Amino acid sequence: MSQFSAVLNAAGGGSPVSTSEHSPSPTPDCMPDCFEGPEKTMEVCFIPGIGEADGLRKLSRKQLDFLCTEAKCSILSKISSAYMDAYVLSESSLFIYKHRYIMKTCGTTTLLHCLDSLLRFADELKMELMWVGYSRKNLLFPTQQAWPHSNFGDEIEYLNSNKMLQDRLNGVAHILGPVTGDHWFVYVADNPPHMAALIESHKHSEGKRLTLEEGESSSPSTTVAECITKSKSTGCLSSSSGGSVDLDSSMMTMEGVTVNMMMFDLDREVAKLFYQPEDHSVSDGCGAGCAPQSQTVAAAMGKHMTKAAGIDHLVPGATIDETSFCPCGYSMNAILHDAYSTIHITPEPDCSYASFETNTTLRAYSPLVRNALNVFRPKRFVLTMFADDVAYTNLEEIPTSAREFFVPKIGMYRRTTVSSTNIGAELNCTMACFTLVTGEVKVQKSLIPKPGKVSESNAGDRGANNSSVNQCDKRMRGNSVDLTNKLGGPMLRVDVKVPAPLMA
C-alpha cells in the first residue's frame with residue numbers, strides 16, 4: 001500500500017464520520033436498498049484542430065456502447081446541438097463535444113475503466129490528448145464499489161499505472177474539505193511540457209502553418225503556444241490553408257466554469273414526485289421487482305416529473321431529455337447552445353440525493369443556486385466549482401464564497417466549511433458545504449433576494465459588482481426568466497450567455 005493510500009485509509013477515504021448533522025452515516029449492512037447517488041466525473045480534452053474535423057463526435061455508437069459497458073452503464077437516449085451530443089445513461093450522463101468528453105456515473109459504476117479505450121479510440125482519430133480530470137465526493141458506501149473506486153488512493157494508483165496517460169500528461173491529486181466530513185477528491189493531469197512540440201509536429205506533417213485569426217498581426221517568430229495564448233480572447237485559430245481551428249470556450253477546459261450542487265436529505269414531499277405511480281410504498285424506499293417498461297414510457301413519466309417539480313424552470317429555453325426509473329429515480333440532460341445542465345435524483349428516504357451540474361456561462365451563480373434549493377429543498381448541500389483564471393476573474397461573485405443562502409419559505413442555508421486550491425497555472429477548484437439552519441432564524445431584509453437581483457450577502461470576496469444579474473455587459477446577451485416555482489418561493493432571474501455562431 002502506498003503512503004498516499006495509507007493516509008486516505010486513516011482519514012476515511014470513503015464515507016465521512018457523519019454525513020449530516022441529523023443522522024449517522026448509513027452503512028451497507030443497515031441500508032441495503034439505498035443507492036450511491038453522488039457521481040464520479042471524468043473529463044477528457046484533446047487539442048483542437050488536430051485529427052478528425054468532427055473529433056470525438058465521430059465516435060460510432062458501437063464505440064460509445066463499448067465505453068459505457070466498461071463503465072458498467074448503458075445509453076438510454078440522446079439529444080444534440082451544433083456543439084455537442086448529450087446522452088442520458090442508465091447511471092447519469094455523457095456529453096461529447098468535438099474535443100471534450102465528459103462522463104458522469106453514479107452507483108457502483110467503474111468509470112475509470114473506460115479511459116484507456118477512450119484514449120485508443122482518440123488515437124485512431126489522430127487526436128492529441130490535452131487534459132484529463134477526475135473528481136468525486138466521498139462515498140456513502142465505499143465498500144460496495146468495484147476496484148479501484150472504493151478508495152481514492154487506489155484510483156490515483158490506477159491512473160498513474162495508465163501508460164497511455166502518463167506518457168503524455170503529468171497528474172496531481174487534491175482533497176478539498178475536511179476528511180472527517182463531506183470532502184471532494186480531485187485529480188487533474190494537464191500542462192504537458194511537450195504540448196507546443198506536438199502541435200508544431202502536426203503542423204509540419206500536414207504542411208500547414210497556424211497563424212492568428214484574420215485581422216491580427218503575427219511575426220514569423222510567433223510560436224504556436226503564443227498563438228494559442230493570444231487567441232483565447234478571440235476564441236479561435238486559423239491556418240494559412242484556410243482551415244479553422246476552433247477554440248470555442250465550451251471546448252477548452254481552461255476557459256470556462258462548471259458548477260455542481262450535490263444535495264442531500266431532500267424534502268419528502270419533493271422526493272415523492274420522483275416515484276413512478278405504480279409504487280405506493282414510498283416510505284419503504286426503492287426496491288426491486290419492477291416489471292419491464294419501454295424507454296418511451298419511462299421518458300413520458302420523466303417529463304411529468306420535470307413539470308411537477310419545476311425543473312424546467314431551472315433551464316429556461318433549453319432542450320430537455322429526461323427519463324424516470326422504476327420504481328423511483330430520475331435523470332435529465334438539458335442543452336442550450338454550447339452549454340449543458342444535468343440533474344440526477346435518487347429519492348430513497350434514508351439516502352435521498354439530487355445533483356445539479358451546469359457549464360452555463362453566467363456572471364453570477366447565486367440566483368441559480370437558490371432556484372435549485374427552491375426546487376429540491378435539501379437539508380444540506382455541497383457546492384463545487386471548476387473555473388479557469390479568466391472566467392474566475394470575470395465572475396461578479398464566487399458562489400462558494402457566500403456565507404449563507406436565504407430561500408423564502410424554506411430558510412437559511414449556512415456555510416459550514418469552504419476549501420479551495422489552484423491546480424497548475426490556470427485552474428481554480430473550490431468547494432463549500434452548507435446546512436439548513438433549524439429553529440427560528442432572523443433575517444435582515446437586505447439578505448432576502450429579490451427577483452432579478454443578486455443578494456449582497458452572496459457577493460464574492462473579490463469586490464464584486466452587486467448589480468442586477470441582467471445588467472451584465474453587452475457580451476452577456478441571452479435569455480432571461482423570472483418564474484415562480486409551484487413548490488416554493490419566487491424563482492430568481494438568471495441571464496444565460498448566448499455563444500457566438502460556430503465558424504465554418
# chains A, B, ... in the order shown; residues from 1 in each chain; ligands from 1
>>> select_by_dssp(residues="stretch 20-161 of chain A", states="alpha helix (DSSP H)", output="PyMOL selection string")
chain A and resi 61-70+115-124+152-160
>>> write_last_selection(atoms="N, CA and C atoms", output="PDB file, in the first residue's frame")
ATOM      1  N   ARG A  61     -21.647   4.649 -32.537  1.00  0.00           N
ATOM      2  CA  ARG A  61     -22.482   4.191 -31.431  1.00  0.00           C
ATOM      3  C   ARG A  61     -21.915   2.902 -30.842  1.00  0.00           C
ATOM      4  N   LYS A  62     -21.347   2.062 -31.688  1.00  0.00           N
ATOM      5  CA  LYS A  62     -20.737   0.828 -31.189  1.00  0.00           C
ATOM      6  C   LYS A  62     -19.589   1.135 -30.252  1.00  0.00           C
ATOM      7  N   GLN A  63     -18.770   2.119 -30.598  1.00  0.00           N
ATOM      8  CA  GLN A  63     -17.653   2.502 -29.724  1.00  0.00           C
ATOM      9  C   GLN A  63     -18.142   3.105 -28.411  1.00  0.00           C
ATOM     10  N   LEU A  64     -19.174   3.945 -28.482  1.00  0.00           N
ATOM     11  CA  LEU A  64     -19.727   4.549 -27.274  1.00  0.00           C
ATOM     12  C   LEU A  64     -20.347   3.486 -26.369  1.00  0.00           C
ATOM     13  N   ASP A  65     -21.035   2.528 -26.976  1.00  0.00           N
ATOM     14  CA  ASP A  65     -21.608   1.437 -26.182  1.00  0.00           C
ATOM     15  C   ASP A  65     -20.500   0.636 -25.486  1.00  0.00           C
ATOM     16  N   PHE A  66     -19.387   0.447 -26.177  1.00  0.00           N
ATOM     17  CA  PHE A  66     -18.275  -0.283 -25.578  1.00  0.00           C
ATOM     18  C   PHE A  66     -17.718   0.475 -24.373  1.00  0.00           C
ATOM     19  N   LEU A  67     -17.544   1.790 -24.518  1.00  0.00           N
ATOM     20  CA  LEU A  67     -17.052   2.608 -23.404  1.00  0.00           C
ATOM     21  C   LEU A  67     -18.006   2.538 -22.211  1.00  0.00           C
ATOM     22  N   CYS A  68     -19.307   2.595 -22.501  1.00  0.00           N
ATOM     23  CA  CYS A  68     -20.293   2.520 -21.419  1.00  0.00           C
ATOM     24  C   CYS A  68     -20.282   1.156 -20.748  1.00  0.00           C
ATOM     25  N   THR A  69     -20.106   0.109 -21.535  1.00  0.00           N
ATOM     26  CA  THR A  69     -20.044  -1.235 -20.963  1.00  0.00           C
ATOM     27  C   THR A  69     -18.864  -1.358 -20.006  1.00  0.00           C
ATOM     28  N   GLU A  70     -17.725  -0.783 -20.383  1.00  0.00           N
ATOM     29  CA  GLU A  70     -16.566  -0.818 -19.488  1.00  0.00           C
ATOM     30  C   GLU A  70     -16.837  -0.050 -18.196  1.00  0.00           C
ATOM     31  N   LEU A 115     -11.256   4.723 -19.576  1.00  0.00           N
ATOM     32  CA  LEU A 115     -10.311   5.753 -20.009  1.00  0.00           C
ATOM     33  C   LEU A 115      -9.334   5.224 -21.052  1.00  0.00           C
ATOM     34  N   ASP A 116      -8.784   4.056 -20.828  1.00  0.00           N
ATOM     35  CA  ASP A 116      -7.788   3.514 -21.750  1.00  0.00           C
ATOM     36  C   ASP A 116      -8.381   3.330 -23.141  1.00  0.00           C
ATOM     37  N   SER A 117      -9.595   2.784 -23.218  1.00  0.00           N
ATOM     38  CA  SER A 117     -10.238   2.576 -24.521  1.00  0.00           C
ATOM     39  C   SER A 117     -10.562   3.900 -25.195  1.00  0.00           C
ATOM     40  N   LEU A 118     -10.981   4.896 -24.417  1.00  0.00           N
ATOM     41  CA  LEU A 118     -11.252   6.216 -24.991  1.00  0.00           C
ATOM     42  C   LEU A 118      -9.994   6.795 -25.623  1.00  0.00           C
ATOM     43  N   LEU A 119      -8.859   6.676 -24.944  1.00  0.00           N
ATOM     44  CA  LEU A 119      -7.614   7.199 -25.494  1.00  0.00           C
ATOM     45  C   LEU A 119      -7.207   6.457 -26.767  1.00  0.00           C
ATOM     46  N   ARG A 120      -7.471   5.153 -26.816  1.00  0.00           N
ATOM     47  CA  ARG A 120      -7.157   4.384 -28.026  1.00  0.00           C
ATOM     48  C   ARG A 120      -8.067   4.790 -29.177  1.00  0.00           C
ATOM     49  N   PHE A 121      -9.355   4.995 -28.893  1.00  0.00           N
ATOM     50  CA  PHE A 121     -10.272   5.455 -29.943  1.00  0.00           C
ATOM     51  C   PHE A 121      -9.846   6.830 -30.455  1.00  0.00           C
ATOM     52  N   ALA A 122      -9.410   7.703 -29.548  1.00  0.00           N
ATOM     53  CA  ALA A 122      -8.966   9.042 -29.951  1.00  0.00           C
ATOM     54  C   ALA A 122      -7.697   8.956 -30.806  1.00  0.00           C
ATOM     55  N   ASP A 123      -6.814   8.020 -30.486  1.00  0.00           N
ATOM     56  CA  ASP A 123      -5.619   7.831 -31.305  1.00  0.00           C
ATOM     57  C   ASP A 123      -6.006   7.452 -32.736  1.00  0.00           C
ATOM     58  N   GLU A 124      -7.037   6.624 -32.872  1.00  0.00           N
ATOM     59  CA  GLU A 124      -7.498   6.234 -34.204  1.00  0.00           C
ATOM     60  C   GLU A 124      -8.022   7.440 -34.983  1.00  0.00           C
ATOM     61  N   PHE A 152      -9.787   6.540  -2.890  1.00  0.00           N
ATOM     62  CA  PHE A 152      -9.172   7.494  -3.797  1.00  0.00           C
ATOM     63  C   PHE A 152      -7.700   7.166  -4.046  1.00  0.00           C
ATOM     64  N   GLY A 153      -7.030   6.630  -3.044  1.00  0.00           N
ATOM     65  CA  GLY A 153      -5.648   6.224  -3.243  1.00  0.00           C
ATOM     66  C   GLY A 153      -5.520   5.164  -4.325  1.00  0.00           C
ATOM     67  N   ASP A 154      -6.453   4.202  -4.333  1.00  0.00           N
ATOM     68  CA  ASP A 154      -6.446   3.179  -5.381  1.00  0.00           C
ATOM     69  C   ASP A 154      -6.751   3.785  -6.748  1.00  0.00           C
ATOM     70  N   GLU A 155      -7.651   4.769  -6.775  1.00  0.00           N
ATOM     71  CA  GLU A 155      -7.980   5.428  -8.045  1.00  0.00           C
ATOM     72  C   GLU A 155      -6.764   6.157  -8.609  1.00  0.00           C
ATOM     73  N   ILE A 156      -6.000   6.823  -7.745  1.00  0.00           N
ATOM     74  CA  ILE A 156      -4.810   7.527  -8.199  1.00  0.00           C
ATOM     75  C   ILE A 156      -3.760   6.537  -8.703  1.00  0.00           C
ATOM     76  N   GLU A 157      -3.593   5.446  -7.978  1.00  0.00           N
ATOM     77  CA  GLU A 157      -2.638   4.434  -8.431  1.00  0.00           C
ATOM     78  C   GLU A 157      -3.072   3.845  -9.775  1.00  0.00           C
ATOM     79  N   TYR A 158      -4.380   3.684  -9.962  1.00  0.00           N
ATOM     80  CA  TYR A 158      -4.895   3.172 -11.240  1.00  0.00           C
ATOM     81  C   TYR A 158      -4.563   4.148 -12.367  1.00  0.00           C
ATOM     82  N   LEU A 159      -4.789   5.444 -12.133  1.00  0.00           N
ATOM     83  CA  LEU A 159      -4.476   6.453 -13.144  1.00  0.00           C
ATOM     84  C   LEU A 159      -2.979   6.531 -13.405  1.00  0.00           C
ATOM     85  N   ASN A 160      -2.209   6.433 -12.351  1.00  0.00           N
ATOM     86  CA  ASN A 160      -0.750   6.504 -12.508  1.00  0.00           C
ATOM     87  C   ASN A 160      -0.181   5.288 -13.224  1.00  0.00           C
TER      88      ASN A 160
END
>>> select_by_dssp(residues="stretch 125-180 of chain A", states="strand (DSSP E)", output="PyMOL selection string")
chain A and resi 129-137+170-176
>>> atom_distance(atom1="atom CA of A:Val172", atom2="atom CA of A:Tyr134")
10.5 Å
>>> residues_around(residues="stretch 354-363 of chain A", least_positions_apart="4", cutoff="6 Å", atoms="only C-alpha atoms", output="MDAnalysis selection string")
chainID A and resid 257:263 339:345 395:396 497
>>> residues_around(residues="A:His304", least_positions_apart="4", cutoff="12 Å", atoms="only C-alpha atoms", output="list in words")
Leu273, Phe274, Tyr275, Gln276, Pro277, Val297, Ala298, Ala299, Ala300, Ala308, Ala309, Gly310, Ile311, Asp312, Asp321, Glu322, Thr323, Ser324 and Tyr330 of chain A
>>> write_last_selection(atoms="N, CA, C and O atoms", output="CSV table (one decimal), in the first residue's frame")
chain,number,residue,atom,x,y,z
A,273,LEU,N,-42.2,13.1,-5.6
A,273,LEU,CA,-42.5,13.4,-7.0
A,273,LEU,C,-41.7,12.5,-8.0
A,273,LEU,O,-42.1,12.4,-9.2
A,274,PHE,N,-40.7,11.9,-7.5
A,274,PHE,CA,-39.8,11.1,-8.3
A,274,PHE,C,-40.0,9.6,-8.2
A,274,PHE,O,-39.0,8.8,-8.4
A,275,TYR,N,-41.2,9.2,-7.7
A,275,TYR,CA,-41.6,7.8,-7.7
A,275,TYR,C,-42.6,7.6,-8.8
A,275,TYR,O,-43.5,8.4,-9.0
A,276,GLN,N,-42.5,6.5,-9.5
A,276,GLN,CA,-43.5,6.2,-10.5
A,276,GLN,C,-44.8,5.8,-9.9
A,276,GLN,O,-44.8,5.3,-8.8
A,277,PRO,N,-45.9,6.1,-10.5
A,277,PRO,CA,-47.2,6.0,-9.8
A,277,PRO,C,-47.6,4.5,-9.4
A,277,PRO,O,-48.4,4.3,-8.5
A,297,VAL,N,-42.1,4.9,-22.2
A,297,VAL,CA,-42.9,5.1,-21.0
A,297,VAL,C,-42.1,5.8,-19.9
A,297,VAL,O,-42.6,6.7,-19.3
A,298,ALA,N,-40.9,5.4,-19.8
A,298,ALA,CA,-40.0,6.0,-18.7
A,298,ALA,C,-39.8,7.4,-19.0
A,298,ALA,O,-39.8,8.3,-18.1
A,299,ALA,N,-39.6,7.8,-20.3
A,299,ALA,CA,-39.4,9.2,-20.7
A,299,ALA,C,-40.6,10.0,-20.5
A,299,ALA,O,-40.5,11.2,-20.0
A,300,ALA,N,-41.8,9.5,-20.8
A,300,ALA,CA,-43.0,10.2,-20.5
A,300,ALA,C,-43.2,10.5,-19.1
A,300,ALA,O,-43.7,11.6,-18.7
A,308,ALA,N,-43.8,18.7,-12.8
A,308,ALA,CA,-44.3,18.7,-11.4
A,308,ALA,C,-43.4,19.3,-10.4
A,308,ALA,O,-43.8,20.0,-9.5
A,309,ALA,N,-42.1,19.0,-10.6
A,309,ALA,CA,-41.1,19.5,-9.7
A,309,ALA,C,-40.6,21.0,-10.0
A,309,ALA,O,-40.0,21.6,-9.2
A,310,GLY,N,-40.9,21.4,-11.2
A,310,GLY,CA,-40.5,22.8,-11.6
A,310,GLY,C,-39.0,22.8,-12.1
A,310,GLY,O,-38.4,23.8,-12.2
A,311,ILE,N,-38.5,21.6,-12.5
A,311,ILE,CA,-37.1,21.5,-13.0
A,311,ILE,C,-37.0,22.3,-14.3
A,311,ILE,O,-35.9,22.9,-14.6
A,312,ASP,N,-38.0,22.4,-15.1
A,312,ASP,CA,-37.9,23.1,-16.4
A,312,ASP,C,-37.6,24.6,-16.1
A,312,ASP,O,-37.0,25.2,-17.0
A,321,ASP,N,-34.0,16.4,-22.1
A,321,ASP,CA,-34.1,15.0,-22.4
A,321,ASP,C,-34.1,14.3,-21.0
A,321,ASP,O,-33.1,14.3,-20.3
A,322,GLU,N,-35.3,13.8,-20.6
A,322,GLU,CA,-35.4,13.2,-19.2
A,322,GLU,C,-35.9,11.8,-19.3
A,322,GLU,O,-36.5,11.3,-20.3
A,323,THR,N,-35.7,11.1,-18.2
A,323,THR,CA,-36.2,9.7,-18.0
A,323,THR,C,-36.5,9.5,-16.5
A,323,THR,O,-35.9,10.2,-15.7
A,324,SER,N,-37.3,8.5,-16.3
A,324,SER,CA,-37.6,8.1,-14.9
A,324,SER,C,-37.2,6.6,-14.8
A,324,SER,O,-37.0,5.9,-15.7
A,330,TYR,N,-34.7,9.5,-11.2
A,330,TYR,CA,-34.9,10.5,-12.3
A,330,TYR,C,-33.5,11.0,-12.8
A,330,TYR,O,-32.6,11.2,-12.0
